[in-house]
>>> print(open('data.tsv').read())   # TSV, C-alpha atoms and all ligand atoms
chain	number	residue	atom	x	y	z
A	704	MET	CA	83.43	77.92	105.13
A	705	THR	CA	83.51	81.25	103.36
A	706	ALA	CA	85.56	83.98	104.96
A	707	GLN	CA	84.06	87.28	105.99
A	708	LEU	CA	85.41	90.24	104.08
A	709	ILE	CA	87.25	93.05	105.80
A	710	ASP	CA	86.14	95.92	103.60
A	711	GLY	CA	88.89	98.56	103.37
A	712	ASN	CA	86.64	100.98	101.50
A	713	ALA	CA	83.90	100.91	104.15
A	714	LEU	CA	86.37	101.18	107.04
A	715	SER	CA	88.14	104.03	105.24
A	716	ARG	CA	84.89	105.92	104.89
A	717	THR	CA	84.34	105.72	108.63
A	718	LEU	CA	87.89	106.73	109.53
A	719	ARG	CA	87.98	109.53	106.95
A	720	ALA	CA	84.74	110.96	108.31
A	721	ASP	CA	86.44	111.14	111.70
A	722	VAL	CA	89.48	112.82	110.12
A	723	ALA	CA	87.21	115.37	108.44
A	724	ALA	CA	85.45	116.16	111.72
A	725	ARG	CA	88.73	116.58	113.60
A	726	ALA	CA	90.17	118.68	110.76
A	727	ALA	CA	87.13	120.97	110.96
A	728	ALA	CA	87.60	121.31	114.73
A	729	LEU	CA	91.26	122.24	114.22
A	730	LYS	CA	90.33	124.72	111.54
A	731	ALA	CA	88.05	126.42	114.02
A	732	LEU	CA	91.16	126.91	116.16
A	733	GLY	CA	92.93	128.50	113.19
A	734	VAL	CA	95.00	125.48	112.11
A	735	THR	CA	94.32	123.79	108.78
A	736	PRO	CA	96.18	120.47	108.59
A	737	GLY	CA	98.50	120.60	105.60
A	738	LEU	CA	100.26	117.86	103.62
A	739	ALA	CA	103.01	118.46	101.06
A	740	VAL	CA	103.42	115.73	98.46
A	741	VAL	CA	106.65	115.86	96.47
A	742	LEU	CA	106.91	113.99	93.18
A	743	VAL	CA	110.12	113.81	91.18
A	744	GLY	CA	109.92	112.44	87.65
A	745	GLU	CA	107.15	110.94	85.58
A	746	ASN	CA	106.64	107.44	87.02
A	747	PRO	CA	103.03	106.69	85.93
A	748	ALA	CA	102.14	104.66	89.04
A	749	SER	CA	103.55	107.39	91.29
A	750	GLN	CA	101.48	109.99	89.46
A	751	VAL	CA	98.31	108.02	90.22
A	752	TYR	CA	99.31	107.55	93.88
A	753	VAL	CA	100.04	111.25	94.47
A	754	ARG	CA	96.82	112.28	92.73
A	755	ASN	CA	94.85	109.96	94.99
A	756	LYS	CA	96.59	111.29	98.10
A	757	VAL	CA	95.95	114.92	97.16
A	758	LYS	CA	92.31	114.18	96.34
A	759	ALA	CA	91.83	112.37	99.66
A	760	CYS	CA	93.14	115.47	101.44
A	761	GLU	CA	90.80	117.76	99.54
A	762	ASP	CA	87.81	115.50	100.18
A	763	ASN	CA	88.41	115.50	103.94
A	764	GLY	CA	89.22	119.11	104.72
A	765	LEU	CA	93.01	118.90	104.68
A	766	HIS	CA	95.13	121.41	102.81
A	767	SER	CA	97.52	119.79	100.34
A	768	VAL	CA	100.30	121.00	98.12
A	769	LEU	CA	101.59	118.91	95.25
A	770	GLU	CA	105.12	119.80	94.18
A	771	LYS	CA	106.12	118.19	90.89
A	772	TYR	CA	109.71	118.26	89.65
A	773	PRO	CA	111.41	116.92	86.54
A	774	ALA	CA	113.37	113.66	86.77
A	775	ASP	CA	116.67	115.55	86.50
A	776	LEU	CA	116.12	117.55	89.69
A	777	SER	CA	119.37	117.35	91.66
A	778	GLU	CA	119.58	115.78	95.09
A	779	ALA	CA	120.71	119.11	96.53
A	780	GLU	CA	117.69	120.89	95.06
A	781	LEU	CA	115.34	118.27	96.48
A	782	LEU	CA	116.99	118.51	99.91
A	783	ALA	CA	116.55	122.29	99.76
A	784	ARG	CA	112.82	121.84	99.03
A	785	VAL	CA	112.45	119.44	101.94
A	786	ASP	CA	114.21	121.94	104.18
A	787	ALA	CA	111.83	124.70	103.06
A	788	LEU	CA	108.83	122.47	103.78
A	789	ASN	CA	110.26	121.58	107.20
A	790	ASN	CA	110.17	125.30	107.97
A	791	ASP	CA	106.75	126.01	106.47
A	792	PRO	CA	104.19	126.38	109.29
A	793	ALA	CA	101.27	125.64	106.91
A	794	ILE	CA	102.71	122.17	106.26
A	795	HIS	CA	102.35	119.52	108.97
A	796	GLY	CA	103.19	116.45	106.92
A	797	ILE	CA	105.75	115.88	104.17
A	798	LEU	CA	105.61	112.94	101.80
A	799	VAL	CA	108.29	112.38	99.19
A	800	GLN	CA	106.86	109.85	96.75
A	801	LEU	CA	109.11	106.84	96.18
A	802	PRO	CA	110.82	105.61	94.12
A	803	LEU	CA	113.09	108.56	93.43
A	804	PRO	CA	115.32	108.73	90.33
A	805	ALA	CA	118.51	106.68	90.69
A	806	HIS	CA	120.82	109.70	91.09
A	807	ILE	CA	119.03	110.69	94.32
A	808	ASP	CA	119.75	108.90	97.60
A	809	ALA	CA	116.20	108.22	98.81
A	810	GLN	CA	117.23	107.43	102.39
A	811	LYS	CA	119.15	110.71	102.61
A	812	VAL	CA	116.04	112.58	101.50
A	813	ILE	CA	113.84	110.75	103.99
A	814	GLU	CA	116.29	111.52	106.79
A	815	ALA	CA	116.11	115.20	105.81
A	816	ILE	CA	112.38	115.31	106.61
A	817	SER	CA	111.72	116.59	110.11
A	818	PRO	CA	110.52	113.61	112.22
A	819	GLU	CA	107.62	115.82	113.40
A	820	LYS	CA	106.43	115.95	109.75
A	821	ASP	CA	107.35	112.38	108.75
A	822	VAL	CA	103.78	111.23	108.10
A	823	ASP	CA	104.97	108.30	105.98
A	824	GLY	CA	106.83	107.01	109.05
A	825	PHE	CA	109.97	106.10	107.08
A	826	HIS	CA	112.51	108.25	108.99
A	827	VAL	CA	114.88	106.29	111.26
A	828	ALA	CA	113.51	108.32	114.17
A	829	SER	CA	110.02	107.02	113.33
A	830	ALA	CA	111.31	103.46	112.95
A	831	GLY	CA	113.11	103.78	116.28
A	832	ALA	CA	109.99	105.15	117.95
A	833	LEU	CA	107.96	102.20	116.68
A	834	MET	CA	110.61	99.76	117.86
A	835	THR	CA	110.85	101.26	121.35
A	836	GLY	CA	107.16	102.06	121.79
A	837	ALA	CA	107.75	105.83	121.86
A	838	PRO	CA	105.31	108.25	120.21
A	839	GLY	CA	105.95	108.74	116.51
A	840	PHE	CA	104.40	108.17	113.12
A	841	TRP	CA	103.70	104.61	112.06
A	842	PRO	CA	104.10	103.66	108.39
A	843	CYS	CA	100.68	103.94	106.79
A	844	THR	CA	100.29	100.51	105.21
A	845	PRO	CA	100.95	98.31	108.27
A	846	TYR	CA	99.11	100.86	110.43
A	847	GLY	CA	96.11	100.40	108.13
A	848	CYS	CA	96.37	96.62	108.53
A	849	MET	CA	96.27	97.04	112.32
A	850	LYS	CA	93.14	99.17	111.98
A	851	MET	CA	91.55	96.41	109.90
A	852	LEU	CA	92.25	93.87	112.66
A	853	GLU	CA	90.90	96.33	115.23
A	854	SER	CA	87.74	96.82	113.13
A	855	ILE	CA	86.79	93.14	113.54
A	856	GLY	CA	87.55	93.25	117.25
A	857	TYR	CA	90.42	90.80	116.85
A	858	ASP	CA	92.45	90.25	120.03
A	859	LEU	CA	96.04	89.50	119.02
A	860	ARG	CA	97.22	88.51	122.51
A	861	GLY	CA	98.78	85.07	122.37
A	862	LYS	CA	97.93	84.59	118.69
A	863	HIS	CA	100.52	83.52	116.13
A	864	ALA	CA	100.94	86.10	113.39
A	865	VAL	CA	103.01	85.31	110.30
A	866	VAL	CA	104.20	88.23	108.19
A	867	ILE	CA	105.42	87.37	104.71
A	868	GLY	CA	107.88	90.05	103.59
A	869	ARG	CA	110.48	92.05	105.54
A	870	SER	CA	110.65	95.42	103.81
A	871	ASN	CA	111.25	98.53	105.90
A	872	ILE	CA	107.94	100.03	104.79
A	873	VAL	CA	105.62	97.05	105.28
A	874	GLY	CA	106.93	93.73	106.62
A	875	LYS	CA	109.22	94.85	109.44
A	876	PRO	CA	106.98	97.58	110.89
A	877	MET	CA	104.00	95.22	110.54
A	878	ALA	CA	105.79	92.64	112.66
A	879	LEU	CA	106.62	95.24	115.33
A	880	MET	CA	103.01	96.46	115.49
A	881	LEU	CA	101.70	92.90	115.89
A	882	LEU	CA	104.32	92.24	118.56
A	883	ALA	CA	103.26	95.38	120.43
A	884	LYS	CA	99.76	93.85	120.61
A	885	ASN	CA	101.20	90.68	122.18
A	886	ALA	CA	101.05	88.41	119.16
A	887	THR	CA	103.79	85.82	118.70
A	888	VAL	CA	105.31	86.92	115.42
A	889	THR	CA	107.14	85.05	112.68
A	890	ILE	CA	108.66	86.96	109.76
A	891	CYS	CA	109.10	85.07	106.48
A	892	HIS	CA	111.02	86.18	103.40
A	893	SER	CA	112.51	84.87	100.16
A	894	ALA	CA	114.95	82.60	102.00
A	895	THR	CA	112.29	81.01	104.22
A	896	ALA	CA	112.69	77.27	103.68
A	897	ASP	CA	109.05	76.14	103.92
A	898	LEU	CA	106.62	79.02	103.82
A	899	GLY	CA	103.54	76.82	104.03
A	900	ALA	CA	104.79	75.13	107.20
A	901	MET	CA	104.94	78.59	108.79
A	902	THR	CA	101.64	79.97	107.50
A	903	ARG	CA	99.69	76.82	108.39
A	904	GLN	CA	100.46	77.59	112.06
A	905	ALA	CA	99.23	81.17	111.77
A	906	ASP	CA	96.12	82.67	113.29
A	907	VAL	CA	96.88	85.80	111.27
A	908	VAL	CA	98.78	85.97	107.98
A	909	VAL	CA	99.89	89.25	106.43
A	910	ALA	CA	101.18	88.84	102.88
A	911	ALA	CA	103.41	91.70	101.70
A	912	VAL	CA	105.50	90.27	98.90
A	913	GLY	CA	104.46	91.57	95.48
A	914	LYS	CA	103.92	88.16	93.84
A	915	ARG	CA	100.64	86.53	92.88
A	916	ASN	CA	99.49	83.38	94.66
A	917	VAL	CA	102.20	83.44	97.31
A	918	LEU	CA	99.50	82.24	99.71
A	919	THR	CA	97.18	79.46	98.56
A	920	ALA	CA	94.35	77.65	100.36
A	921	ASP	CA	96.52	74.67	101.39
A	922	MET	CA	98.80	77.09	103.28
A	923	VAL	CA	96.09	78.56	105.51
A	924	LYS	CA	94.77	77.31	108.86
A	925	PRO	CA	90.95	77.12	108.85
A	926	GLY	CA	89.47	80.28	110.34
A	927	ALA	CA	92.68	82.36	110.09
A	928	VAL	CA	92.65	86.09	109.35
A	929	VAL	CA	94.34	86.83	106.02
A	930	ILE	CA	95.48	90.32	105.15
A	931	ASP	CA	96.67	90.87	101.61
A	932	VAL	CA	98.99	93.85	101.11
A	933	GLY	CA	100.26	92.82	97.68
A	934	MET	CA	99.48	94.78	94.56
A	935	ASN	CA	99.98	92.85	91.35
A	936	ARG	CA	98.32	92.44	87.97
A	937	ASN	CA	96.74	89.19	86.85
A	938	ASP	CA	96.94	87.84	83.28
A	939	ALA	CA	93.93	89.96	82.33
A	940	GLY	CA	95.71	93.06	83.65
A	941	LYS	CA	93.40	93.38	86.65
A	942	LEU	CA	94.70	94.43	90.06
A	943	CYS	CA	95.21	91.48	92.40
A	944	GLY	CA	97.04	90.72	95.62
A	945	ASP	CA	99.52	88.13	96.82
A	946	VAL	CA	96.78	85.79	98.02
A	947	ASP	CA	94.83	83.32	95.89
A	948	PHE	CA	91.64	85.03	96.95
A	949	ASP	CA	89.09	82.55	95.55
A	950	GLY	CA	90.80	79.56	97.12
A	951	VAL	CA	91.82	81.12	100.44
A	952	ARG	CA	88.41	82.64	101.15
A	953	GLU	CA	87.02	79.09	101.41
A	954	VAL	CA	89.41	78.32	104.30
A	955	ALA	CA	90.05	81.60	106.12
A	956	GLY	CA	87.75	83.19	108.69
A	957	TRP	CA	88.43	86.73	107.54
A	958	ILE	CA	90.08	88.06	104.40
A	959	THR	CA	90.87	91.43	102.82
A	960	PRO	CA	90.11	91.83	99.11
A	961	VAL	CA	92.32	93.45	96.46
A	962	PRO	CA	91.26	95.99	95.34
A	963	GLY	CA	89.23	97.52	98.15
A	964	GLY	CA	91.30	96.21	101.05
A	965	VAL	CA	94.62	97.51	102.31
A	966	GLY	CA	95.03	100.02	99.45
A	967	PRO	CA	92.43	102.58	100.57
A	968	MET	CA	93.53	102.07	104.20
A	969	THR	CA	97.06	103.22	103.36
A	970	ILE	CA	95.82	106.60	102.17
A	971	THR	CA	93.43	106.82	105.10
A	972	MET	CA	96.27	106.38	107.58
A	973	LEU	CA	98.26	109.06	105.76
A	974	LEU	CA	95.35	111.43	106.44
A	975	VAL	CA	95.26	110.30	110.08
A	976	ASN	CA	99.00	110.88	110.50
A	977	THR	CA	98.81	114.31	108.87
A	978	LEU	CA	95.89	115.31	111.06
A	979	GLU	CA	97.74	114.12	114.17
A	980	ALA	CA	100.86	116.03	113.13
A	981	ALA	CA	98.73	119.17	112.94
A	982	GLU	CA	96.98	118.41	116.23
A	983	ARG	CA	100.35	118.07	117.95
A	984	THR	CA	101.33	121.59	116.84
A	985	ALA	CA	98.00	122.99	118.02
A	986	HIS	CA	98.00	121.49	121.53
B	1001	LIG	P1	109.54	94.63	98.72
B	1001	LIG	O1	110.35	95.70	99.33
B	1001	LIG	O2	109.84	94.16	97.33
B	1001	LIG	O3	109.58	93.38	99.72
B	1001	LIG	C1	109.04	92.15	99.35
B	1001	LIG	C2	109.36	91.14	100.41
B	1001	LIG	O4	108.85	89.87	99.99
B	1001	LIG	C3	110.85	90.93	100.66
B	1001	LIG	O5	111.11	90.93	102.04
B	1001	LIG	C4	111.14	89.58	100.03
B	1001	LIG	O6	112.14	88.84	100.70
B	1001	LIG	C5	109.82	88.87	100.21
B	1001	LIG	N1	109.64	87.79	99.26
B	1001	LIG	C6	109.88	87.79	97.93
B	1001	LIG	N2	109.57	86.61	97.39
B	1001	LIG	C7	109.14	85.83	98.40
B	1001	LIG	C8	108.67	84.49	98.47
B	1001	LIG	N3	108.58	83.73	97.38
B	1001	LIG	N4	108.31	84.01	99.67
B	1001	LIG	C9	108.37	84.78	100.78
B	1001	LIG	N5	108.80	86.06	100.77
B	1001	LIG	C10	109.17	86.58	99.58
B	1001	LIG	O7	108.00	95.03	98.70
B	1001	LIG	P2	107.13	95.97	99.67
B	1001	LIG	O8	107.44	97.40	99.39
B	1001	LIG	O9	107.19	95.47	101.07
B	1001	LIG	O10	105.70	95.68	99.08
B	1001	LIG	C11	105.15	94.37	99.07
B	1001	LIG	C12	103.88	94.36	98.25
B	1001	LIG	O11	102.93	95.21	98.87
B	1001	LIG	C13	104.02	94.89	96.82
B	1001	LIG	O12	103.11	94.21	95.98
B	1001	LIG	C14	103.59	96.32	96.92
B	1001	LIG	O13	103.10	96.85	95.71
B	1001	LIG	C15	102.51	96.19	97.94
B	1001	LIG	N6	102.23	97.42	98.68
B	1001	LIG	C16	100.94	97.77	98.78
B	1001	LIG	C17	100.60	98.89	99.48
B	1001	LIG	C18	99.16	99.26	99.58
B	1001	LIG	O14	98.86	100.37	99.93
B	1001	LIG	N7	98.24	98.33	99.30
B	1001	LIG	C19	101.58	99.67	100.08
B	1001	LIG	C20	102.91	99.25	100.01
B	1001	LIG	C21	103.22	98.11	99.31
B	1001	LIG	P3	113.69	89.31	100.74
B	1001	LIG	O15	113.74	90.40	101.77
B	1001	LIG	O16	114.40	88.08	101.14
B	1001	LIG	O17	114.03	89.78	99.37
>>> encode(input="data.tsv", output="structure tokens")
Amino acid sequence: MTAQLIDGNALSRTLRADVAARAAALKALGVTPGLAVVLVGENPASQVYVRNKVKACEDNGLHSVLEKYPADLSEAELLARVDALNNDPAIHGILVQLPLPAHIDAQKVIEAISPEKDVDGFHVASAGALMTGAPGFWPCTPYGCMKMLESIGYDLRGKHAVVIGRSNIVGKPMALMLLAKNATVTICHSATADLGAMTRQADVVVAAVGKRNVLTADMVKPGAVVIDVGMNRNDAGKLCGDVDFDGVREVAGWITPVPGGVGPMTITMLLVNTLEAAERTAH
């Protein structure tokens, strides 16, 4: 059996076209959705990420502002910038690129973002909204994974979903989103005694670890849906996920590739969240 691919690039194109159409409709009402991206320091990976986010905004009719600051920007100065953006009516979404330099308390900065503009979904108010089922912004990466499941018409009710990883930005919100769709959810982490015993029971596996080959073919139930969030480099320096793609695709029913899977979906959901933030101010 060879798994069917869930193509994050193709799905992103469809969803981004919808974003662009809705952004144009809002513009006609006099509101241009605006995203502020704040980058502190020179982290090369972060520079690539923010560039991609800004470009995705431009390509889809959203206004974006990239604010770049040197690594020695003080926490107080950054908090003042966030405050100014909170009060800027042209900005509907604020994203502070992580990681921040060590002298800045990242959680304090995130909590300073107005929850109405928290398009990354990292504020405790957003986390609380997700946990209680209240309206709020969902973190983009797990939200993108949910859209991928939706795109194949997958009904999670009664299915067993295993999430590998329990970070606040991927694993935990992923588990809550799956739970909200009536899956039975198991969360695994570095202290899980027998990961394979868990994943072999899973109808859906989401791997969000950051280590190559965390999930191999012998750990997957035939026909399962496998979503690979990981971003790693193989020995040749090429981007790869957490899943042994070549092996697992022979067992799984559906699989997301890396690259071209969850990665583009994350940016797409950032656009969706920013658009929705703007729509909420307009209605
Ligand atoms: P993280 O904060 O480092 O969390 C990793 C999680 O994996 C932790 O919960 C850790 O457990 C668990 N873990 C580590 N080793 C394990 C093992 N051997 N077995 C089972 N669980 C293990 O990472 P993250 O921010 O969630 O990101 C995870 C991966 O997704 C990274 O590769 C990251 O680059 C990628 N990512 C991709 C996107 C995208 O857009 N494609 C977005 C975000 C993240 P403990 O909690 O016990 O330490």
>>> closest_atom_pairs(input="data.tsv", of="chain A", to="ligand LIG 1001 (chain B)", cutoff="8 Å", atoms="all atoms listed in the file", output="tab-separated table")
residue	atom	partner	partner_atom	distance
A:Cys843	CA	B:LIG1001	O14	7.9
A:Thr844	CA	B:LIG1001	C19	5.4
A:Ile867	CA	B:LIG1001	N5	5.4
A:Gly868	CA	B:LIG1001	C2	3.7
A:Arg869	CA	B:LIG1001	O5	3.7
A:Ser870	CA	B:LIG1001	O9	4.4
A:Asn871	CA	B:LIG1001	O9	7.0
A:Ile872	CA	B:LIG1001	O9	5.9
A:Val873	CA	B:LIG1001	O9	4.8
A:Gly874	CA	B:LIG1001	O9	5.8
A:Cys891	CA	B:LIG1001	C9	5.8
A:His892	CA	B:LIG1001	N5	3.4
A:Ser893	CA	B:LIG1001	C10	3.8
A:Ala894	CA	B:LIG1001	O16	5.6
A:Thr895	CA	B:LIG1001	C9	6.4
A:Leu898	CA	B:LIG1001	N4	6.7
A:Ala910	CA	B:LIG1001	C12	7.7
A:Ala911	CA	B:LIG1001	C11	4.1
A:Val912	CA	B:LIG1001	O4	3.5
A:Gly913	CA	B:LIG1001	O12	3.0
A:Lys914	CA	B:LIG1001	O12	6.5
A:Val917	CA	B:LIG1001	N3	6.4
A:Asp931	CA	B:LIG1001	N7	8.0
A:Val932	CA	B:LIG1001	O11	4.7
A:Gly933	CA	B:LIG1001	O12	3.6
A:Met934	CA	B:LIG1001	O12	3.9
A:Asn935	CA	B:LIG1001	O12	5.8
A:Gly944	CA	B:LIG1001	O12	7.0
A:Asp945	CA	B:LIG1001	O12	7.1
A:Gly964	CA	B:LIG1001	N7	7.5
A:Val965	CA	B:LIG1001	N7	4.8
A:Gly966	CA	B:LIG1001	N7	3.6
A:Pro967	CA	B:LIG1001	O14	6.8
A:Met968	CA	B:LIG1001	O14	7.0
A:Thr969	CA	B:LIG1001	O14	4.8
A:Ile970	CA	B:LIG1001	O14	7.3
>>> closest_residue(input="data.tsv", among="A:Glu780, A:Asp775, A:Asp823, A:Glu770", to="Val975 of chain A", atoms="only C-alpha atoms")
A:Asp823
>>> atom_distance(input="data.tsv", atom1="atom CA of Gly836 of chain A", atom2="atom CA of Asn885 of chain A")
12.9 Å
>>> closest_residue(input="data.tsv", among="A:Arg716, A:Ala896, A:Gly950, A:Val722", to="Asn976 of chain A", atoms="only C-alpha atoms")
A:Val722
>>> atom_distance(input="data.tsv", atom1="atom CA of Ala981 of chain A", atom2="atom CA of Val734 of chain A")
7.4 Å
>>> closest_residue(input="data.tsv", among="A:Leu781, A:Val768, A:Ile855, A:Ile794", to="Thr735 of chain A", atoms="only C-alpha atoms")
A:Ile794
>>> atom_distance(input="data.tsv", atom1="atom CA of Leu978 of chain A", atom2="atom CA of Val757 of chain A")
13.9 Å
>>> residues_around(input="data.tsv", residues="Leu803 of chain A", least_positions_apart="4", cutoff="12 Å", atoms="only C-alpha atoms", output="MDAnalysis selection string")
chainID A and resid 741:746 749 772:778 781 799 807:813
>>> residues_around(input="data.tsv", residues="Val822 of chain A", least_positions_apart="3", cutoff="12 Å", atoms="only C-alpha atoms", output="PyMOL selection string")
chain A and resi 736-740+794-800+813+816-819+825-826+828-830+839-844+846+969-981
>>> write_last_selection(input="data.tsv", atoms="C-alpha atoms", output="JSON list (two decimals), in the coordinates of the input")
[["chain", "number", "residue", "atom", "x", "y", "z"],
["A", 736, "PRO", "CA", 96.18, 120.47, 108.59],
["A", 737, "GLY", "CA", 98.50, 120.60, 105.60],
["A", 738, "LEU", "CA", 100.26, 117.86, 103.62],
["A", 739, "ALA", "CA", 103.01, 118.46, 101.06],
["A", 740, "VAL", "CA", 103.42, 115.73, 98.46],
["A", 794, "ILE", "CA", 102.71, 122.17, 106.26],
["A", 795, "HIS", "CA", 102.35, 119.52, 108.97],
["A", 796, "GLY", "CA", 103.19, 116.45, 106.92],
["A", 797, "ILE", "CA", 105.75, 115.88, 104.17],
["A", 798, "LEU", "CA", 105.61, 112.94, 101.80],
["A", 799, "VAL", "CA", 108.29, 112.38, 99.19],
["A", 800, "GLN", "CA", 106.86, 109.85, 96.75],
["A", 813, "ILE", "CA", 113.84, 110.75, 103.99],
["A", 816, "ILE", "CA", 112.38, 115.31, 106.61],
["A", 817, "SER", "CA", 111.72, 116.59, 110.11],
["A", 818, "PRO", "CA", 110.52, 113.61, 112.22],
["A", 819, "GLU", "CA", 107.62, 115.82, 113.40],
["A", 825, "PHE", "CA", 109.97, 106.10, 107.08],
["A", 826, "HIS", "CA", 112.51, 108.25, 108.99],
["A", 828, "ALA", "CA", 113.51, 108.32, 114.17],
["A", 829, "SER", "CA", 110.02, 107.02, 113.33],
["A", 830, "ALA", "CA", 111.31, 103.46, 112.95],
["A", 839, "GLY", "CA", 105.95, 108.74, 116.51],
["A", 840, "PHE", "CA", 104.40, 108.17, 113.12],
["A", 841, "TRP", "CA", 103.70, 104.61, 112.06],
["A", 842, "PRO", "CA", 104.10, 103.66, 108.39],
["A", 843, "CYS", "CA", 100.68, 103.94, 106.79],
["A", 844, "THR", "CA", 100.29, 100.51, 105.21],
["A", 846, "TYR", "CA", 99.11, 100.86, 110.43],
["A", 969, "THR", "CA", 97.06, 103.22, 103.36],
["A", 970, "ILE", "CA", 95.82, 106.60, 102.17],
["A", 971, "THR", "CA", 93.43, 106.82, 105.10],
["A", 972, "MET", "CA", 96.27, 106.38, 107.58],
["A", 973, "LEU", "CA", 98.26, 109.06, 105.76],
["A", 974, "LEU", "CA", 95.35, 111.43, 106.44],
["A", 975, "VAL", "CA", 95.26, 110.30, 110.08],
["A", 976, "ASN", "CA", 99.00, 110.88, 110.50],
["A", 977, "THR", "CA", 98.81, 114.31, 108.87],
["A", 978, "LEU", "CA", 95.89, 115.31, 111.06],
["A", 979, "GLU", "CA", 97.74, 114.12, 114.17],
["A", 980, "ALA", "CA", 100.86, 116.03, 113.13],
["A", 981, "ALA", "CA", 98.73, 119.17, 112.94]]
>>> closest_residue(input="data.tsv", among="A:Thr984, A:Thr887, A:Thr959, A:Ser854", to="Gln707 of chain A", atoms="all atoms listed in the file")
A:Thr959
>>> residues_around(input="data.tsv", residues="Ala883 of chain A", least_positions_apart="5", cutoff="10 Å", atoms="all atoms listed in the file", output="list of chain:residue names")
A:Leu833, A:Met834, A:Thr835, A:Gly836, A:Leu859, A:Arg860, A:Met877, A:Ala878
>>> closest_residue(input="data.tsv", among="A:Lys758, A:Arg725, A:Lys875, A:Lys924", to="Val888 of chain A", atoms="all atoms listed in the file")
A:Lys875
>>> closest_residue(input="data.tsv", among="A:Ile890, A:Ala955, A:Cys943, A:Ile930", to="Asn916 of chain A", atoms="only C-alpha atoms")
A:Cys943
